[in-house]
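Structure file my_file_22.txt (compact mmCIF, C-alpha atoms) is printed below.
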# COMPACT_ATOMS: atom_id res chain seq x y z
CA MET T 1 -161.30 83.79 106.29
CA LYS T 2 -163.08 87.10 106.02
CA VAL T 3 -163.87 88.71 102.72
CA GLU T 4 -161.75 91.79 103.46
CA ALA T 5 -158.70 89.60 104.04
CA LEU T 6 -159.15 88.06 100.60
CA ALA T 7 -159.78 91.50 99.07
CA LYS T 8 -156.68 92.88 100.78
CA ALA T 9 -154.62 90.05 99.34
CA MET T 10 -156.04 90.75 95.88
CA ILE T 11 -155.21 94.47 96.10
CA ASP T 12 -151.67 93.56 97.17
CA LEU T 13 -151.60 91.42 94.04
CA PHE T 14 -152.49 94.40 91.85
CA LEU T 15 -149.63 96.36 93.38
CA ALA T 16 -147.31 93.38 92.94
CA HIS T 17 -148.18 93.25 89.24
CA LEU T 18 -147.37 96.95 88.92
CA ILE T 19 -144.06 96.40 90.71
CA VAL T 20 -143.00 93.75 88.22
CA GLY T 21 -144.20 95.93 85.33
CA ASP T 22 -147.07 93.64 84.37
CA GLU T 23 -149.61 96.45 84.27
CA GLU T 24 -151.83 94.80 81.65
CA GLU T 25 -152.99 92.39 84.35
CA VAL T 26 -154.37 95.30 86.36
CA LYS T 27 -157.88 95.81 85.04
CA GLU T 28 -160.12 98.62 86.18
CA GLU T 29 -163.23 96.50 86.74
CA ASP T 30 -161.28 93.98 88.83
CA VAL T 31 -159.60 96.66 90.94
CA MET T 32 -162.94 98.35 91.59
CA PHE T 33 -164.60 95.04 92.45
CA TRP T 34 -162.02 94.09 95.08
CA ALA T 35 -161.63 97.63 96.41
CA LEU T 36 -165.37 97.82 96.99
CA LEU T 37 -165.45 94.40 98.64
CA TYR T 38 -162.58 95.47 100.87
CA PHE T 39 -164.28 98.63 102.10
CA GLU T 40 -167.66 96.92 102.38
CA GLY T 41 -165.99 94.18 104.40
CA LEU T 42 -164.55 96.77 106.77
CA GLY T 43 -168.05 98.10 107.23
CA GLN T 44 -166.96 101.71 106.98
CA GLU T 45 -168.95 104.60 105.55
CA ASP T 46 -168.30 106.03 102.09
CA GLU T 47 -167.13 102.66 100.87
CA LEU T 48 -168.04 103.48 97.26
CA LYS T 49 -166.10 106.77 97.24
CA ARG T 50 -163.13 105.20 98.94
CA ALA T 51 -163.14 102.29 96.50
CA GLN T 52 -163.27 104.74 93.58
CA ARG T 53 -160.35 106.70 94.98
CA MET T 54 -158.30 103.58 95.52
CA THR T 55 -159.10 102.34 92.02
CA ARG T 56 -158.04 105.68 90.53
CA GLU T 57 -154.82 105.64 92.51
CA ILE T 58 -153.94 102.16 91.28
CA LEU T 59 -154.93 103.02 87.70
CA ALA T 60 -152.83 106.19 87.83
CA TYR T 61 -149.74 104.07 88.52
CA LYS T 62 -150.74 101.76 85.71
CA ARG T 63 -151.13 104.67 83.28
CA ALA T 64 -147.81 106.17 84.36
CA LEU T 65 -146.14 102.82 83.68
CA GLN T 66 -147.71 102.69 80.23
CA ARG T 67 -146.73 106.28 79.53
CA LEU T 68 -143.10 105.71 80.47
CA ARG T 69 -143.04 102.46 78.54
CA GLY T 70 -144.24 104.32 75.47
CA SER T 71 -141.59 107.03 75.75
CA PRO T 72 -138.17 106.51 74.09
CA ALA T 73 -136.28 107.61 77.19
CA GLY T 74 -138.90 106.33 79.61
CA ARG T 75 -138.00 104.15 82.53
CA PRO T 76 -141.15 102.33 83.62
CA GLU T 77 -139.33 100.74 86.57
CA ASN T 78 -139.20 104.22 88.13
CA VAL T 79 -142.92 103.78 88.82
CA ALA T 80 -142.09 100.54 90.64
CA ALA T 81 -139.49 102.50 92.65
CA LEU T 82 -142.15 105.01 93.68
CA ILE T 83 -144.60 102.27 94.67
CA ILE T 84 -141.93 100.56 96.77
CA TYR T 85 -141.03 103.88 98.38
CA ASN T 86 -144.67 104.60 99.20
CA ILE T 87 -145.24 101.13 100.62
CA SER T 88 -142.16 101.53 102.78
CA HIS T 89 -143.69 104.75 104.14
CA SER T 90 -146.91 102.99 105.15
CA GLY T 91 -147.78 101.56 108.53
CA PRO T 92 -145.95 101.76 111.81
CA LYS T 93 -142.22 102.41 111.62
CA ASP T 94 -140.13 99.30 112.14
CA LEU T 95 -136.43 100.05 112.52
CA LYS T 96 -135.48 96.41 112.93
CA LYS T 97 -137.13 95.60 109.63
CA ARG T 98 -135.34 98.51 108.03
CA GLU T 99 -131.99 97.26 109.26
CA LEU T 100 -132.73 93.78 107.88
CA TRP T 101 -133.70 95.32 104.56
CA GLU T 102 -130.56 97.45 104.34
CA ASN T 103 -128.40 94.43 105.13
CA LYS T 104 -130.15 92.47 102.42
CA VAL T 105 -129.57 95.22 99.85
CA ALA T 106 -125.92 95.39 100.93
CA ARG T 107 -125.71 91.67 100.13
CA ASN T 108 -126.65 92.31 96.50
CA TYR T 109 -130.44 92.10 96.75
CA SER T 110 -131.84 94.41 94.12
CA TYR T 111 -134.90 95.12 92.00
CA SER T 112 -133.46 92.98 89.21
CA ARG T 113 -134.01 89.97 91.48
CA ILE T 114 -137.76 90.58 91.56
CA ARG T 115 -138.80 88.43 88.66
CA ASP T 116 -142.35 87.45 89.45
CA VAL T 117 -145.44 88.44 91.36
CA GLU T 118 -144.71 86.10 94.27
CA GLU T 119 -141.36 87.81 94.82
CA ALA T 120 -143.02 91.21 94.51
CA LEU T 121 -145.54 90.20 97.19
CA ASP T 122 -142.68 89.21 99.49
CA LEU T 123 -141.04 92.55 98.74
CA ILE T 124 -144.24 94.38 99.75
CA GLU T 125 -144.16 92.63 103.13
CA GLU T 126 -140.46 93.29 103.58
CA VAL T 127 -140.54 97.03 102.93
CA ARG T 128 -143.80 97.97 104.64
CA GLY T 129 -142.96 100.23 107.57
CA THR T 130 -139.25 100.53 106.78
CA TYR T 131 -139.50 104.24 105.84
CA LEU T 132 -136.69 103.99 103.30
CA THR T 133 -134.93 107.07 102.00
CA GLU T 134 -134.88 107.98 98.32
CA ARG T 135 -131.22 107.03 98.34
CA ALA T 136 -131.96 103.55 99.74
CA ILE T 137 -134.57 103.04 97.04
CA SER T 138 -132.09 104.16 94.39
CA GLU T 139 -129.55 101.71 95.73
CA PHE T 140 -132.12 98.95 95.46
CA MET T 141 -133.02 99.97 91.92
CA GLY T 142 -129.36 100.05 90.91
CA ARG T 143 -129.32 103.75 89.91
CA MET T 144 -130.51 107.15 91.05
CA VAL T 145 -134.25 107.65 90.74
CA ASN T 146 -135.88 111.06 90.97
CA LEU T 147 -139.00 110.01 92.85
CA ASP T 148 -140.51 113.52 92.87
CA ARG T 149 -140.48 113.54 89.12
CA VAL T 150 -142.16 110.13 88.87
CA ALA T 151 -144.72 111.21 91.46
CA ARG T 152 -145.61 114.18 89.25
CA PHE T 153 -146.24 111.82 86.32
CA VAL T 154 -148.52 109.68 88.42
CA GLU T 155 -150.38 112.72 89.79
CA GLU T 156 -150.95 113.95 86.26
CA GLU T 157 -152.42 110.57 85.31
CA TYR T 158 -154.60 110.64 88.42
CA GLU T 159 -155.95 114.06 87.45
CA VAL T 160 -156.71 112.77 83.95
CA LEU T 161 -158.70 109.91 85.48
CA VAL T 162 -160.61 112.31 87.73
CA ALA T 163 -161.40 114.57 84.78
CA LYS T 164 -162.56 111.63 82.67
CA GLY T 165 -164.53 110.16 85.53
CA GLU T 166 -162.70 106.84 85.20
CA GLY T 167 -162.03 104.60 88.14
CA ASN T 168 -165.69 104.68 88.97
CA GLY T 169 -166.18 101.01 88.36
CA MET C 1 -145.55 110.83 97.12
CA GLY C 2 -148.03 110.98 94.31
CA PRO C 3 -151.64 109.85 94.70
CA TRP C 4 -151.23 107.45 97.59
CA LYS C 5 -153.85 108.58 100.09
CA GLU C 6 -156.29 105.70 100.03
CA LEU C 7 -153.56 103.20 99.23
CA GLY C 8 -151.45 104.63 102.04
CA GLU C 9 -154.22 104.03 104.55
CA PHE C 10 -154.84 100.61 103.07
CA MET C 11 -151.18 99.60 103.28
CA GLY C 12 -150.79 101.08 106.71
CA ALA C 13 -153.92 99.50 108.19
CA ARG C 14 -153.13 96.97 110.84
CA SER C 15 -154.23 93.57 109.75
CA ARG C 16 -156.93 92.12 111.92
CA PRO C 17 -155.92 88.91 113.68
CA ALA C 18 -155.90 86.35 110.90
CA ALA C 19 -159.09 84.36 110.95
CA ARG C 20 -158.34 80.70 110.43
CA CYS C 21 -159.12 79.59 106.91
CA ARG C 22 -161.56 76.75 106.85
CA ALA C 23 -161.59 76.24 103.11
CA HIS C 24 -158.46 75.51 101.16
CA PRO C 25 -157.59 74.73 97.56
CA PRO C 26 -157.05 70.96 97.19
CA LYS C 27 -153.48 69.68 96.96
CA ALA C 28 -154.04 68.86 93.30
CA VAL C 29 -154.78 72.55 92.68
CA LEU C 30 -151.63 73.60 94.54
CA SER C 31 -149.65 71.16 92.39
CA LEU C 32 -151.16 72.61 89.23
CA TYR C 33 -150.35 76.09 90.54
CA LEU C 34 -146.73 75.05 91.09
CA ALA C 35 -146.58 73.59 87.60
CA GLY C 36 -147.98 76.86 86.21
CA LYS C 37 -150.97 75.02 84.78
CA LEU C 38 -153.78 77.10 86.26
CA SER C 39 -155.50 79.79 84.24
CA THR C 40 -154.54 83.27 85.38
CA ARG C 41 -157.92 84.52 86.54
CA PRO C 42 -161.61 83.81 86.08
CA GLU C 43 -163.54 85.41 83.24
CA GLU C 44 -165.19 87.62 85.79
CA TRP C 45 -165.24 87.95 89.55
CA THR C 46 -168.67 87.98 91.06
CA LYS C 47 -169.86 88.05 94.64
CA GLU C 48 -171.08 84.47 94.18
CA ARG C 49 -167.60 83.40 93.17
CA VAL C 50 -166.10 85.19 96.15
CA GLN C 51 -168.52 83.36 98.46
CA ALA C 52 -167.59 80.09 96.78
CA LEU C 53 -163.90 80.93 97.18
CA LEU C 54 -164.33 81.68 100.86
CA ALA C 55 -166.23 78.43 101.31
CA GLY C 56 -163.72 76.43 99.23
CA ARG C 57 -166.43 75.41 96.78
CA VAL C 58 -164.56 76.50 93.65
CA SER C 59 -163.72 73.72 91.23
CA ASP C 60 -161.75 75.90 88.79
CA TRP C 61 -159.28 77.74 90.99
CA THR C 62 -157.16 80.27 89.13
CA ALA C 63 -153.57 81.34 89.83
CA TRP C 64 -154.69 84.72 91.20
CA GLU C 65 -157.08 83.09 93.62
CA VAL C 66 -154.55 80.54 94.81
CA LEU C 67 -151.97 83.28 95.28
CA ALA C 68 -154.42 85.46 97.21
CA HIS C 69 -155.40 82.48 99.35
CA LEU C 70 -151.74 81.72 100.04
CA ARG C 71 -151.25 85.28 101.31
CA THR C 72 -153.82 84.65 104.00
CA CYS C 73 -153.30 80.98 104.81
CA PRO C 74 -150.12 79.76 106.54
CA LYS C 75 -151.34 76.18 106.32
CA CYS C 76 -151.45 76.24 102.52
CA ARG C 77 -148.10 78.03 102.39
CA ARG C 78 -146.63 75.14 104.36
CA THR C 79 -148.30 72.61 102.05
CA LEU C 80 -146.98 74.43 99.00
CA ALA C 81 -143.47 74.56 100.47
CA HIS C 82 -143.73 70.83 101.11
CA LEU C 83 -144.87 70.18 97.54
CA LYS C 84 -142.05 72.34 96.19
CA LYS C 85 -139.56 70.40 98.28
CA ALA C 86 -140.98 67.12 97.10
CA GLY C 87 -140.55 68.28 93.52
CA ALA C 88 -144.24 68.40 92.70
CA GLY C 89 -143.51 71.18 90.26
CA GLN C 90 -141.41 68.83 88.13
CA PRO C 91 -143.63 66.05 86.83
CA ALA C 92 -142.16 62.83 85.47
CA ARG C 93 -141.30 62.77 81.78
CA TRP C 94 -144.30 60.73 80.63
CA PHE C 95 -146.67 62.86 82.67
CA ARG C 96 -145.09 66.05 81.37
CA LYS C 97 -146.08 64.80 77.92
CA VAL C 98 -149.65 64.49 79.14
CA LEU C 99 -149.55 68.00 80.56
CA GLU C 100 -148.15 69.39 77.34
CA ASN C 101 -150.97 67.82 75.38
CA PRO C 102 -153.39 70.71 74.76
CA LYS C 103 -156.34 68.30 74.75
CA LEU C 104 -155.57 67.55 78.36
CA ALA C 105 -155.00 71.10 79.54
CA GLY C 106 -156.14 71.42 83.13
CA VAL C 107 -155.19 67.90 84.02
CA GLY C 108 -152.60 67.63 86.73
CA TRP C 109 -151.06 65.26 89.20
CA ALA C 110 -149.44 65.38 92.55
CA LEU C 111 -146.57 63.28 93.75
CA ALA C 112 -144.89 60.13 92.65
CA GLY C 113 -142.39 59.85 95.45
CA ALA C 114 -141.73 57.35 98.15
CA GLN C 115 -144.61 58.61 100.26
CA ALA C 116 -147.04 58.13 97.43
CA ILE C 117 -145.74 54.62 96.81
CA ALA C 118 -146.24 53.71 100.44
CA LEU C 119 -149.71 55.24 100.46
CA ALA C 120 -150.77 53.47 97.29
CA ALA C 121 -149.53 50.15 98.69
CA LEU C 122 -151.57 50.75 101.84
CA ILE C 123 -154.64 51.56 99.79
CA LEU C 124 -154.12 48.45 97.69
CA SER C 125 -154.02 46.24 100.74
CA PHE C 126 -157.09 48.04 102.10
CA SER C 127 -158.93 47.54 98.82
CA LEU C 128 -158.37 43.79 99.00
CA SER C 129 -160.23 43.60 102.28
CA SER C 130 -163.14 45.96 101.63
CA PRO C 131 -163.81 47.92 98.47
CA PRO C 132 -165.37 51.17 99.71
CA HIS C 133 -166.43 52.60 96.36
CA LYS C 134 -169.85 54.14 95.96
CA LEU C 135 -170.36 53.99 92.23
CA ASP C 136 -173.89 53.04 91.20
CA THR C 137 -172.62 50.22 89.04
CA LYS C 138 -170.04 48.47 91.13
CA PRO C 139 -167.31 46.99 88.95
CA GLU C 140 -166.27 43.45 89.54
CA ILE C 141 -163.00 43.75 91.37
CA THR C 142 -160.31 42.15 89.29
CA LEU C 143 -157.02 43.47 90.45
CA PRO C 144 -154.30 43.81 87.86
CA ASN C 145 -151.33 41.48 87.94
CA THR C 146 -149.51 42.47 91.11
CA SER C 147 -146.20 40.81 90.41
CA SER C 148 -143.19 42.95 91.29
CA GLN C 149 -142.58 43.64 87.58
CA VAL C 150 -145.88 45.44 87.12
CA THR C 151 -146.25 49.10 88.01
CA LEU C 152 -149.54 49.79 89.67
CA VAL C 153 -150.82 53.29 89.61
CA SER C 154 -153.46 54.80 91.80
CA ALA C 155 -155.10 58.09 91.03
CA TRP C 156 -157.92 60.33 92.11
CA VAL C 157 -160.19 61.02 89.19
CA VAL C 158 -163.15 63.35 88.97
CA PRO C 159 -165.66 62.42 86.24
CA GLU C 160 -167.03 65.22 84.08
CA PRO C 161 -170.37 66.40 85.54
CA ASP C 162 -172.38 65.14 82.57
CA VAL C 163 -170.83 61.66 82.61
CA ASN C 164 -173.15 58.79 83.48
CA ILE C 165 -171.62 57.03 86.47
CA GLY C 166 -172.70 53.60 85.23
CA GLU C 167 -171.02 54.23 81.89
CA PHE C 168 -167.93 55.56 83.67
CA SER C 169 -167.81 52.48 85.87
CA GLN C 170 -168.04 50.18 82.84
CA TYR C 171 -165.27 52.09 81.14
CA LEU C 172 -163.02 51.70 84.19
CA HIS C 173 -163.84 48.00 84.27
CA SER C 174 -162.97 47.61 80.57
CA LEU C 175 -159.54 49.06 81.32
CA GLY C 176 -159.04 46.75 84.28
CA ILE C 177 -159.14 49.67 86.68
CA VAL C 178 -160.74 49.28 90.08
CA VAL C 179 -162.27 51.90 92.32
CA VAL C 180 -160.77 51.77 95.80
CA ASP C 181 -162.17 54.88 97.45
CA GLY C 182 -164.56 57.76 97.05
CA PRO C 183 -166.49 59.73 96.31
CA ASP C 184 -164.74 62.65 98.02
CA GLU C 185 -166.06 66.20 98.36
CA ARG C 186 -165.19 66.93 94.72
CA GLY C 187 -167.06 63.87 93.51
CA GLY C 188 -163.71 62.18 92.88
CA TYR C 189 -162.88 58.47 93.08
CA LYS C 190 -159.62 56.80 93.92
CA VAL C 191 -158.86 54.22 91.24
CA MET C 192 -156.05 51.75 90.75
CA GLY C 193 -154.73 49.85 87.77
CA LYS C 194 -151.81 49.26 85.45
CA GLU C 195 -149.89 52.32 84.39
CA GLU C 196 -151.01 51.96 80.75
CA ALA C 197 -154.62 51.69 81.82
CA ILE C 198 -154.39 54.85 83.89
CA GLN C 199 -152.74 56.59 80.97
CA SER C 200 -155.67 55.55 78.77
CA LEU C 201 -157.96 57.02 81.38
CA PHE C 202 -156.01 60.28 81.12
CA GLU C 203 -156.78 60.42 77.46
CA SER C 204 -160.50 59.83 77.84
CA GLN C 205 -163.00 62.65 77.71
CA LEU C 206 -164.84 61.29 80.75
CA ILE C 207 -162.71 62.90 83.42
CA LYS C 208 -162.01 66.49 84.27
CA LEU C 209 -159.29 66.07 86.90
CA ILE C 210 -156.78 63.42 87.77
CA GLN C 211 -154.19 63.24 90.47
CA LYS C 212 -151.80 60.38 90.08
CA GLU C 213 -149.73 58.23 92.41
CA VAL C 214 -147.43 55.32 91.59
CA THR C 215 -146.76 52.08 93.38
CA PRO C 216 -144.45 49.28 92.24
Show the structure stored in the file as structure tokens.
Amino acid sequence: MKVEALAKAMIDLFLAHLIVGDEEEVKEEDVMFWALLYFEGLGQEDELKRAQRMTREILAYKRALQRLRGSPAGRPENVAALIIYNISHSGPKDLKKRELWENKVARNYSYSRIRDVEEALDLIEEVRGTYLTERAISEFMGRMVNLDRVARFVEEEYEVLVAKGEGNG
Amino acid sequence: MGPWKELGEFMGARSRPAARCRAHPPKAVLSLYLAGKLSTRPEEWTKERVQALLAGRVSDWTAWEVLAHLRTCPKCRRTLAHLKKAGAGQPARWFRKVLENPKLAGVGWALAGAQAIALAALILSFSLSSPPHKLDTKPEITLPNTSSQVTLVSAWVVPEPDVNIGEFSQYLHSLGIVVVDGPDERGGYKVMGKEEAIQSLFESQLIKLIQKEVTP
């Protein structure tokens, strides 16, 4: 096995922890370590900058989760909805996969069934490339989610990290 | 939506053809993972640890590392599915007691099913013909009473690194336990003896890992 494959699996694990709302397990130094190994393993240029950006992005989701958890009306699972949406909009489009996913959701598969990291990792594989609509995500979450609004929260947290120079390992 | 540029490229990147894993966590580690007995993550990840992980030279696998390995290794996923099916995640009552004992945290075992019984019986018959142990102080082979009423137990045990092998061998002998195989790549020995004797071995401070099998 190559180092980047292991690093990729670890980064998926960070996202899986965010999806299940276990953000305390996502530690900056660990994210930076694996992000750097991943980009070094790919042998691309600017690996340090890219690793920093990826770390900030992951930490921004973590901070948004914490922020919503700390708010009386906050819904931290909305951050999970945004992550799932973004993953679904990554990679080559796969309509067959999308159809399978929609059938699964129609058969009562929902976010409430994702109880642990292993299930979240399976979810990541299932939704990648499905290009789900906001409505499909809401159906999965069991209620309407305003993804634009959540995205603004996460962007704000990202900007805070940039300003503070965090996510630099 | 949101800051997803680098992550978007990362998630969208086509995976390279999966290189075959040559190093895998031992079955005992997968069993401990299933039983939820592994620590979550190491104190710190270092490049040395990553190299050791890739080479399968890690003795203290953590849940994160097993999970990451499983993502990349279909072979281990199959093994884990097999262990799940065989009920490896649900240890027998007496062994659950051992697992729940905080003094023995980190100790685990694999299967006690029909396959294990058959395997242990095979090993027993093999041990009668030629004892292949490599301990410095070879114990005198005195097999426990093998009448059908006695439960023989075989187990893989890994002595603590600072344990004197001669002393360890004498201790096994005092319990009436014989070594029937080993050492393996972990420095482990396959031992066999009465169930009570193996349980006593569990409770000793001389071993760091045990994987148990049962034979009637």
Write out as a ChimeraX atom specification each polymer residue whose atoms come within 9 Å of Tyr38 of chain T, counting all atoms listed in the file; drop sequence neighbours fewer than 2 positions from it. /T:3-8,11,33-36,40-43,47,51
Go ahead and save the picked residues with C-alpha atoms, as a CSV table (one decimal), in the frame of the given file.
chain,number,residue,atom,x,y,z
T,3,VAL,CA,-163.9,88.7,102.7
T,4,GLU,CA,-161.8,91.8,103.5
T,5,ALA,CA,-158.7,89.6,104.0
T,6,LEU,CA,-159.2,88.1,100.6
T,7,ALA,CA,-159.8,91.5,99.1
T,8,LYS,CA,-156.7,92.9,100.8
T,11,ILE,CA,-155.2,94.5,96.1
T,33,PHE,CA,-164.6,95.0,92.4
T,34,TRP,CA,-162.0,94.1,95.1
T,35,ALA,CA,-161.6,97.6,96.4
T,36,LEU,CA,-165.4,97.8,97.0
T,40,GLU,CA,-167.7,96.9,102.4
T,41,GLY,CA,-166.0,94.2,104.4
T,42,LEU,CA,-164.6,96.8,106.8
T,43,GLY,CA,-168.0,98.1,107.2
T,47,GLU,CA,-167.1,102.7,100.9
T,51,ALA,CA,-163.1,102.3,96.5
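Residues of chain T having any atom within 6 Å of chain C, counting only C-alpha atoms, are Met1, Ala9, Met10, Met54, Glu57, Ser90, Gly91, Ala151 and Glu155 of chain T.
When only C-alpha atoms are used to measure the gap to Ala106 of chain T, the shortest distance among T:Gly165, T:Gly21, T:Gly142, T:Pro76 belongs to T:Gly142.
Taking atom CA of Leu147 of chain T and atom CA of Arg56 of chain T as the two end points, the separation is 19.7 Å.
Checking T:Glu126, T:Glu45, T:Glu77, T:Asp94 one by one against Asn146 of chain T, counting all atoms listed in the file, you find the shortest gap at T:Glu77.
The shortest atom-to-atom distance to Ala52 of chain C, with all atoms listed in the file taken into account, belongs to C:Pro25 out of C:Leu30, C:Pro159, C:Arg78, C:Pro25.
One distance worth recording is that between atom CA of Leu38 of chain C and atom CA of Val31 of chain T, which is 20.9 Å.
One distance worth recording is that between atom CA of Tyr131 of chain T and atom CA of Ser88 of chain T, which is 4.9 Å.
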Enclose the full set of atoms of segment 128-147 of chain T listed in the file within a box whose edges lie along x, y and z, apply 6 Å of padding to each of the six sides, and report centre and edge lengths in Å to one decimal as AutoDock Vina command-line options.
--center_x -136.6 --center_y 104.5 --center_z 98.7 --size_x 26.5 --size_y 25.1 --size_z 29.7
I want to know what sits within 10 Å of Leu65 of chain T, based on only C-alpha atoms, with residues of the same chain fewer than 6 positions away left out; could you give that as a PDB file with C-alpha atoms, in the frame of the given file?
ATOM      1  CA  LEU T  18    -147.370  96.950  88.920  1.00  0.00           C
ATOM      2  CA  ILE T  19    -144.060  96.400  90.710  1.00  0.00           C
ATOM      3  CA  GLY T  21    -144.200  95.930  85.330  1.00  0.00           C
ATOM      4  CA  ASP T  22    -147.070  93.640  84.370  1.00  0.00           C
ATOM      5  CA  GLU T  23    -149.610  96.450  84.270  1.00  0.00           C
ATOM      6  CA  LEU T  59    -154.930 103.020  87.700  1.00  0.00           C
ATOM      7  CA  GLY T  74    -138.900 106.330  79.610  1.00  0.00           C
ATOM      8  CA  ARG T  75    -138.000 104.150  82.530  1.00  0.00           C
ATOM      9  CA  PRO T  76    -141.150 102.330  83.620  1.00  0.00           C
ATOM     10  CA  GLU T  77    -139.330 100.740  86.570  1.00  0.00           C
ATOM     11  CA  ASN T  78    -139.200 104.220  88.130  1.00  0.00           C
ATOM     12  CA  VAL T  79    -142.920 103.780  88.820  1.00  0.00           C
ATOM     13  CA  ALA T  80    -142.090 100.540  90.640  1.00  0.00           C
ATOM     14  CA  VAL T 150    -142.160 110.130  88.870  1.00  0.00           C
ATOM     15  CA  PHE T 153    -146.240 111.820  86.320  1.00  0.00           C
ATOM     16  CA  VAL T 154    -148.520 109.680  88.420  1.00  0.00           C
TER      17      VAL T 154
END
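Shortest atom-to-atom contact with Glu99 of chain T among T:Val127, T:Asp122, T:Ile87, T:Pro72: T:Val127, counting all atoms listed in the file.
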Kindly indicate which residue among C:Leu80, C:Leu175, C:Val29, C:Leu34 lies nearest to Gln199 of chain C, using only C-alpha atoms for the distances. C:Leu175
Working from the structure I just supplied, which lacks atoms in segment 121-134 of chain T, can you model N, CA, C and O atoms there and output them as a short mmCIF file (atom, residue, chain, number, x, y, z; two decimals), in the frame of the given file?
data_model
loop_
_atom_site.label_atom_id
_atom_site.label_comp_id
_atom_site.auth_asym_id
_atom_site.auth_seq_id
_atom_site.Cartn_x
_atom_site.Cartn_y
_atom_site.Cartn_z
N LEU T 121 -144.70 90.23 95.98
CA LEU T 121 -145.54 90.20 97.19
C LEU T 121 -144.66 90.10 98.44
O LEU T 121 -144.94 90.75 99.46
N ASP T 122 -143.61 89.30 98.36
CA ASP T 122 -142.68 89.21 99.49
C ASP T 122 -142.02 90.56 99.74
O ASP T 122 -141.85 90.99 100.88
N LEU T 123 -141.68 91.23 98.63
CA LEU T 123 -141.04 92.55 98.74
C LEU T 123 -141.98 93.53 99.47
O LEU T 123 -141.54 94.29 100.34
N ILE T 124 -143.26 93.49 99.11
CA ILE T 124 -144.24 94.38 99.75
C ILE T 124 -144.21 94.18 101.27
O ILE T 124 -144.17 95.14 102.05
N GLU T 125 -144.19 92.92 101.69
CA GLU T 125 -144.16 92.63 103.13
C GLU T 125 -142.86 93.10 103.77
O GLU T 125 -142.85 93.61 104.89
N GLU T 126 -141.77 92.94 103.02
CA GLU T 126 -140.46 93.29 103.58
C GLU T 126 -140.28 94.79 103.77
O GLU T 126 -139.62 95.22 104.71
N VAL T 127 -140.83 95.58 102.85
CA VAL T 127 -140.54 97.03 102.93
C VAL T 127 -141.58 97.81 103.72
O VAL T 127 -141.31 98.93 104.15
N ARG T 128 -142.76 97.22 103.93
CA ARG T 128 -143.80 97.97 104.64
C ARG T 128 -143.30 98.41 106.01
O ARG T 128 -142.84 97.61 106.80
N GLY T 129 -143.36 99.70 106.26
CA GLY T 129 -142.96 100.23 107.57
C GLY T 129 -141.47 100.48 107.72
O GLY T 129 -141.01 100.82 108.81
N THR T 130 -140.71 100.32 106.66
CA THR T 130 -139.25 100.53 106.78
C THR T 130 -138.86 102.00 106.59
O THR T 130 -137.75 102.39 106.94
N TYR T 131 -139.74 102.80 106.05
CA TYR T 131 -139.50 104.24 105.84
C TYR T 131 -138.13 104.48 105.19
O TYR T 131 -137.26 105.14 105.75
N LEU T 132 -137.96 103.89 104.02
CA LEU T 132 -136.69 103.99 103.30
C LEU T 132 -136.49 105.39 102.74
O LEU T 132 -137.46 106.08 102.41
N THR T 133 -135.23 105.78 102.62
CA THR T 133 -134.93 107.07 102.00
C THR T 133 -134.90 106.89 100.47
O THR T 133 -134.82 105.75 99.98
N GLU T 134 -134.94 108.01 99.78
CA GLU T 134 -134.88 107.98 98.32
C GLU T 134 -133.56 107.32 97.88
O GLU T 134 -133.51 106.58 96.91
#
